[in-house]
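Source file structure_28.pdb; content: PDB, C-alpha atoms.
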ATOM      1  CA  MET A   1      42.933  15.743 -84.874
ATOM      2  CA  HIS A   2      39.571  16.321 -83.177
ATOM      3  CA  GLU A   3      37.825  14.210 -85.831
ATOM      4  CA  THR A   4      40.197  11.299 -85.154
ATOM      5  CA  LEU A   5      40.071  11.624 -81.371
ATOM      6  CA  CYS A   6      36.262  11.468 -81.033
ATOM      7  CA  PRO A   7      35.865   7.996 -82.606
ATOM      8  CA  LEU A   8      38.769   6.716 -80.487
ATOM      9  CA  LEU A   9      37.187   8.065 -77.301
ATOM     10  CA  LEU A  10      33.832   6.527 -78.220
ATOM     11  CA  ALA A  11      35.473   3.162 -78.888
ATOM     12  CA  ALA A  12      37.332   3.292 -75.562
ATOM     13  CA  ALA A  13      34.125   4.195 -73.715
ATOM     14  CA  ALA A  14      32.281   1.314 -75.367
ATOM     15  CA  MET A  15      34.999  -1.143 -74.312
ATOM     16  CA  ALA A  16      34.917   0.184 -70.736
ATOM     17  CA  VAL A  17      31.237  -0.742 -70.386
ATOM     18  CA  GLN A  18      31.171  -4.379 -69.377
ATOM     19  CA  SER A  19      28.576  -6.511 -71.084
ATOM     20  CA  THR A  20      27.578  -9.554 -69.111
ATOM     21  CA  THR A  21      25.454 -12.603 -69.682
ATOM     22  CA  PRO A  22      23.290 -14.301 -67.055
ATOM     23  CA  SER A  23      25.953 -17.003 -66.561
ATOM     24  CA  ASP A  24      28.487 -14.301 -65.550
ATOM     25  CA  TRP A  25      26.352 -13.569 -62.483
ATOM     26  CA  VAL A  26      26.070 -17.212 -61.318
ATOM     27  CA  GLY A  27      27.509 -17.771 -57.867
ATOM     28  CA  VAL A  28      27.152 -16.699 -54.264
ATOM     29  CA  TRP A  29      27.576 -12.977 -53.604
ATOM     30  CA  GLN A  30      28.072 -11.761 -50.031
ATOM     31  CA  GLY A  31      28.107  -8.365 -48.371
ATOM     32  CA  GLU A  32      28.725  -6.916 -44.920
ATOM     33  CA  LEU A  33      27.567  -3.950 -42.872
ATOM     34  CA  ASP A  34      29.200  -2.947 -39.594
ATOM     35  CA  GLY A  35      31.386  -6.070 -39.745
ATOM     36  CA  GLN A  36      28.365  -8.377 -39.888
ATOM     37  CA  PRO A  37      27.123 -10.407 -42.875
ATOM     38  CA  SER A  38      24.265  -8.270 -44.223
ATOM     39  CA  LEU A  39      23.191 -10.200 -47.306
ATOM     40  CA  VAL A  40      23.728 -13.291 -49.393
ATOM     41  CA  LEU A  41      22.661 -13.227 -53.041
ATOM     42  CA  THR A  42      22.687 -16.689 -54.633
ATOM     43  CA  LEU A  43      22.257 -16.909 -58.418
ATOM     44  CA  ALA A  44      21.967 -19.920 -60.730
ATOM     45  CA  THR A  45      20.852 -20.777 -64.271
ATOM     46  CA  ASP A  46      19.593 -24.304 -63.645
ATOM     47  CA  ASP A  47      16.783 -24.022 -66.198
ATOM     48  CA  GLY A  48      18.587 -21.608 -68.537
ATOM     49  CA  THR A  49      17.236 -18.454 -66.905
ATOM     50  CA  LEU A  50      18.870 -16.494 -64.105
ATOM     51  CA  GLN A  51      17.115 -17.206 -60.816
ATOM     52  CA  GLY A  52      18.034 -17.128 -57.180
ATOM     53  CA  THR A  53      17.509 -16.062 -53.625
ATOM     54  CA  LEU A  54      18.404 -13.101 -51.464
ATOM     55  CA  VAL A  55      18.861 -13.427 -47.709
ATOM     56  CA  LEU A  56      18.806 -10.068 -45.949
ATOM     57  CA  ASN A  57      20.140  -9.795 -42.406
ATOM     58  CA  GLY A  58      18.853  -6.946 -40.276
ATOM     59  CA  ILE A  59      21.746  -5.490 -38.285
ATOM     60  CA  ASN A  60      21.048  -4.053 -34.822
ATOM     61  CA  ASN A  61      23.473  -1.644 -33.101
ATOM     62  CA  GLU A  62      21.399  -0.836 -29.996
ATOM     63  CA  SER A  63      23.842  -2.325 -27.489
ATOM     64  CA  GLY A  64      26.796  -0.581 -29.112
ATOM     65  CA  GLN A  65      27.889  -3.758 -30.833
ATOM     66  CA  ALA A  66      26.564  -4.796 -34.235
ATOM     67  CA  ARG A  67      24.693  -8.086 -34.327
ATOM     68  CA  ILE A  68      22.274  -9.845 -36.672
ATOM     69  CA  ALA A  69      18.759  -9.229 -35.350
ATOM     70  CA  VAL A  70      16.692 -10.858 -38.106
ATOM     71  CA  ARG A  71      17.158 -12.963 -41.254
ATOM     72  CA  GLU A  72      14.771 -12.592 -44.177
ATOM     73  CA  PRO A  73      14.997 -15.109 -47.065
ATOM     74  CA  HIS A  74      13.487 -14.055 -50.412
ATOM     75  CA  VAL A  75      13.027 -15.576 -53.861
ATOM     76  CA  LEU A  76      14.079 -13.297 -56.745
ATOM     77  CA  LEU A  77      11.365 -12.118 -59.123
ATOM     78  CA  HIS A  78      11.675 -10.514 -62.572
ATOM     79  CA  THR A  79      15.452 -10.934 -62.797
ATOM     80  CA  LYS A  80      17.002  -8.953 -65.653
ATOM     81  CA  VAL A  81      20.587  -8.500 -66.862
ATOM     82  CA  ASP A  82      21.363  -5.322 -68.807
ATOM     83  CA  GLY A  83      25.017  -4.633 -69.608
ATOM     84  CA  ASP A  84      26.908  -4.602 -66.314
ATOM     85  CA  SER A  85      23.806  -4.350 -64.161
ATOM     86  CA  LEU A  86      21.343  -6.806 -62.696
ATOM     87  CA  SER A  87      17.899  -5.910 -61.437
ATOM     88  CA  PHE A  88      15.255  -7.908 -59.623
ATOM     89  CA  GLU A  89      12.367  -7.659 -57.180
ATOM     90  CA  VAL A  90      11.596  -9.492 -53.967
ATOM     91  CA  LYS A  91       8.344  -9.622 -52.019
ATOM     92  CA  ARG A  92       8.311  -7.935 -48.657
ATOM     93  CA  LEU A  93       7.668 -10.293 -45.750
ATOM     94  CA  ARG A  94       5.418  -8.065 -43.674
ATOM     95  CA  GLY A  95       2.260  -7.932 -45.779
ATOM     96  CA  SER A  96       3.092  -5.048 -48.124
ATOM     97  CA  ILE A  97       2.011  -5.610 -51.719
ATOM     98  CA  THR A  98       4.776  -3.338 -53.027
ATOM     99  CA  PRO A  99       7.882  -5.425 -53.823
ATOM    100  CA  MET A 100      11.408  -4.258 -53.033
ATOM    101  CA  ASP A 101      13.298  -3.278 -56.205
ATOM    102  CA  PHE A 102      17.027  -4.031 -56.248
ATOM    103  CA  SER A 103      19.805  -2.932 -58.563
ATOM    104  CA  VAL A 104      23.251  -4.553 -58.667
ATOM    105  CA  GLU A 105      26.099  -2.859 -60.565
ATOM    106  CA  LEU A 106      29.347  -4.662 -61.337
ATOM    107  CA  THR A 107      32.439  -2.766 -60.220
ATOM    108  CA  ALA A 108      34.858  -5.572 -61.207
ATOM    109  CA  HIS A 109      34.568  -9.168 -62.399
ATOM    110  CA  ASP A 110      33.720 -10.487 -58.927
ATOM    111  CA  HIS A 111      32.717  -7.304 -57.086
ATOM    112  CA  ALA A 112      29.525  -5.265 -57.251
ATOM    113  CA  LYS A 113      27.334  -2.834 -55.352
ATOM    114  CA  ILE A 114      23.736  -3.649 -54.471
ATOM    115  CA  ARG A 115      21.026  -1.191 -53.466
ATOM    116  CA  CYS A 116      17.326  -1.359 -52.749
ATOM    117  CA  LEU A 117      15.821   1.358 -54.914
ATOM    118  CA  ASN A 118      12.571   1.827 -52.988
ATOM    119  CA  CYS A 119      13.584   1.112 -49.385
ATOM    120  CA  GLY A 120      14.072   4.735 -48.380
ATOM    121  CA  ASP A 121      16.787   7.359 -48.679
ATOM    122  CA  ASP A 122      18.894   5.694 -45.970
ATOM    123  CA  ALA A 123      19.060   2.310 -47.756
ATOM    124  CA  PRO A 124      22.741   1.350 -47.861
ATOM    125  CA  ASN A 125      24.737   0.813 -51.033
ATOM    126  CA  VAL A 126      26.402  -2.475 -50.031
ATOM    127  CA  GLU A 127      29.594  -3.734 -51.632
ATOM    128  CA  ILE A 128      29.357  -7.446 -52.385
ATOM    129  CA  SER A 129      31.872  -9.983 -53.637
ATOM    130  CA  LYS A 130      31.408 -13.247 -55.470
ATOM    131  CA  HIS A 131      32.454 -16.509 -53.846
ATOM    132  CA  ASP A 132      32.322 -19.408 -56.309
TER     133      ASP A 132
END

Go through the file and emit its structure as structure tokens.
Amino acid sequence: MHETLCPLLLAAAAMAVQSTTPSDWVGVWQGELDGQPSLVLTLATDDGTLQGTLVLNGINNESGQARIAVREPHVLLHTKVDGDSLSFEVKRLRGSITPMDFSVELTAHDHAKIRCLNCGDDAPNVEISKHD
């Protein structure tokens, strides 16, 4: 029984891992923090490659109420799709030569989680949804 069960478990695990293509990511993805829009990730394949922009909104809670304090538009660099994950870089706006590295993991067909990998330990893991 064990010999039969192992291949079945491996096959089920392989099917559970979603494999995506660049066109599966195309669309406008939006996320919120503290009830405010925190980011908009726009992806397209106009020239056959996955490209796009990321607009990050800085949320300020100083007055006790969340509000957008700053908007930072970025062009995606080095976009790569690998299985059910997307990775890319964006240049920082304030003179740093080190780009911000982002990872996006699909959690469902039109839902994902995005995280900046080198923005510090307190960088949020933001849930985003796709709006076609």

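Taken over the whole file, the PyMOL selection byres ((chain A and resi 124) around 12) covers exactly Gly31, Glu32, Leu33, Asp34, Ser38, Leu39, Gly58, Ile59, Phe102, Ser103, Lys113, Ile114, Arg115, Cys116, Leu117, Asn118, Cys119, Gly120, Asp121, Asp122, Ala123, Asn125, Val126, Glu127 and Ile128 of chain A.
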
Review point. What do you get, as a ChimeraX atom specification, if you spell out every residue that the PyMOL selection byres ((chain A and resi 44) around 9) selects here?
Key: /A:22-23,25-28,42-43,45-52

Point to revise | Selection result of the PyMOL selection byres ((chain A and resi 131) around 9) on this file, as number ranges by chain | key: A: 27-30, 110, 129-130, 132

Might you pull out every residue within 12 Å of Asn60 (chain A), with only C-alpha atoms counted and same-chain residues fewer than 3 positions away left off, and present them as an mmCIF file with C-alpha atoms, in the coordinates of the input?
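Okay, result24.cif is ready:
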data_model
loop_
_atom_site.group_PDB
_atom_site.id
_atom_site.type_symbol
_atom_site.label_atom_id
_atom_site.label_comp_id
_atom_site.auth_asym_id
_atom_site.auth_seq_id
_atom_site.Cartn_x
_atom_site.Cartn_y
_atom_site.Cartn_z
ATOM 1 C CA LEU A 33 27.567 -3.950 -42.872
ATOM 2 C CA ASP A 34 29.200 -2.947 -39.594
ATOM 3 C CA GLY A 35 31.386 -6.070 -39.745
ATOM 4 C CA GLN A 36 28.365 -8.377 -39.888
ATOM 5 C CA PRO A 37 27.123 -10.407 -42.875
ATOM 6 C CA SER A 38 24.265 -8.270 -44.223
ATOM 7 C CA ASN A 57 20.140 -9.795 -42.406
ATOM 8 C CA SER A 63 23.842 -2.325 -27.489
ATOM 9 C CA GLY A 64 26.796 -0.581 -29.112
ATOM 10 C CA GLN A 65 27.889 -3.758 -30.833
ATOM 11 C CA ALA A 66 26.564 -4.796 -34.235
ATOM 12 C CA ARG A 67 24.693 -8.086 -34.327
ATOM 13 C CA ILE A 68 22.274 -9.845 -36.672
ATOM 14 C CA ALA A 69 18.759 -9.229 -35.350
ATOM 15 C CA VAL A 70 16.692 -10.858 -38.106
ATOM 16 C CA ARG A 71 17.158 -12.963 -41.254
#

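We find CA of Thr20 (chain A) and CA of Ala112 (chain A) to be spaced 12.8 Å apart.
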
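Using only C-alpha atoms, the shortest contact distance between Val40 (chain A) and any of A:Val90, A:Gly95, A:Thr21, A:His74 is found at A:His74.
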
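When CA of Glu72 (chain A) is paired with CA of Ser87 (chain A), their separation reads 18.8 Å.
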
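Here CA of Glu89 (chain A) is placed at a distance of 8.6 Å from CA of Val75 (chain A).
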
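Remark: for Arg92 (chain A), the closest of the candidate residues A:Leu56, A:Glu62, A:His111, A:Leu106 is A:Leu56 (distances computed over all atoms listed in the file).
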
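Of the listed residues A:Asp24, A:Thr79, A:Leu41, A:Pro73, the one whose atoms come nearest to Lys91 (chain A) is A:Pro73, with distances taken using only C-alpha atoms.
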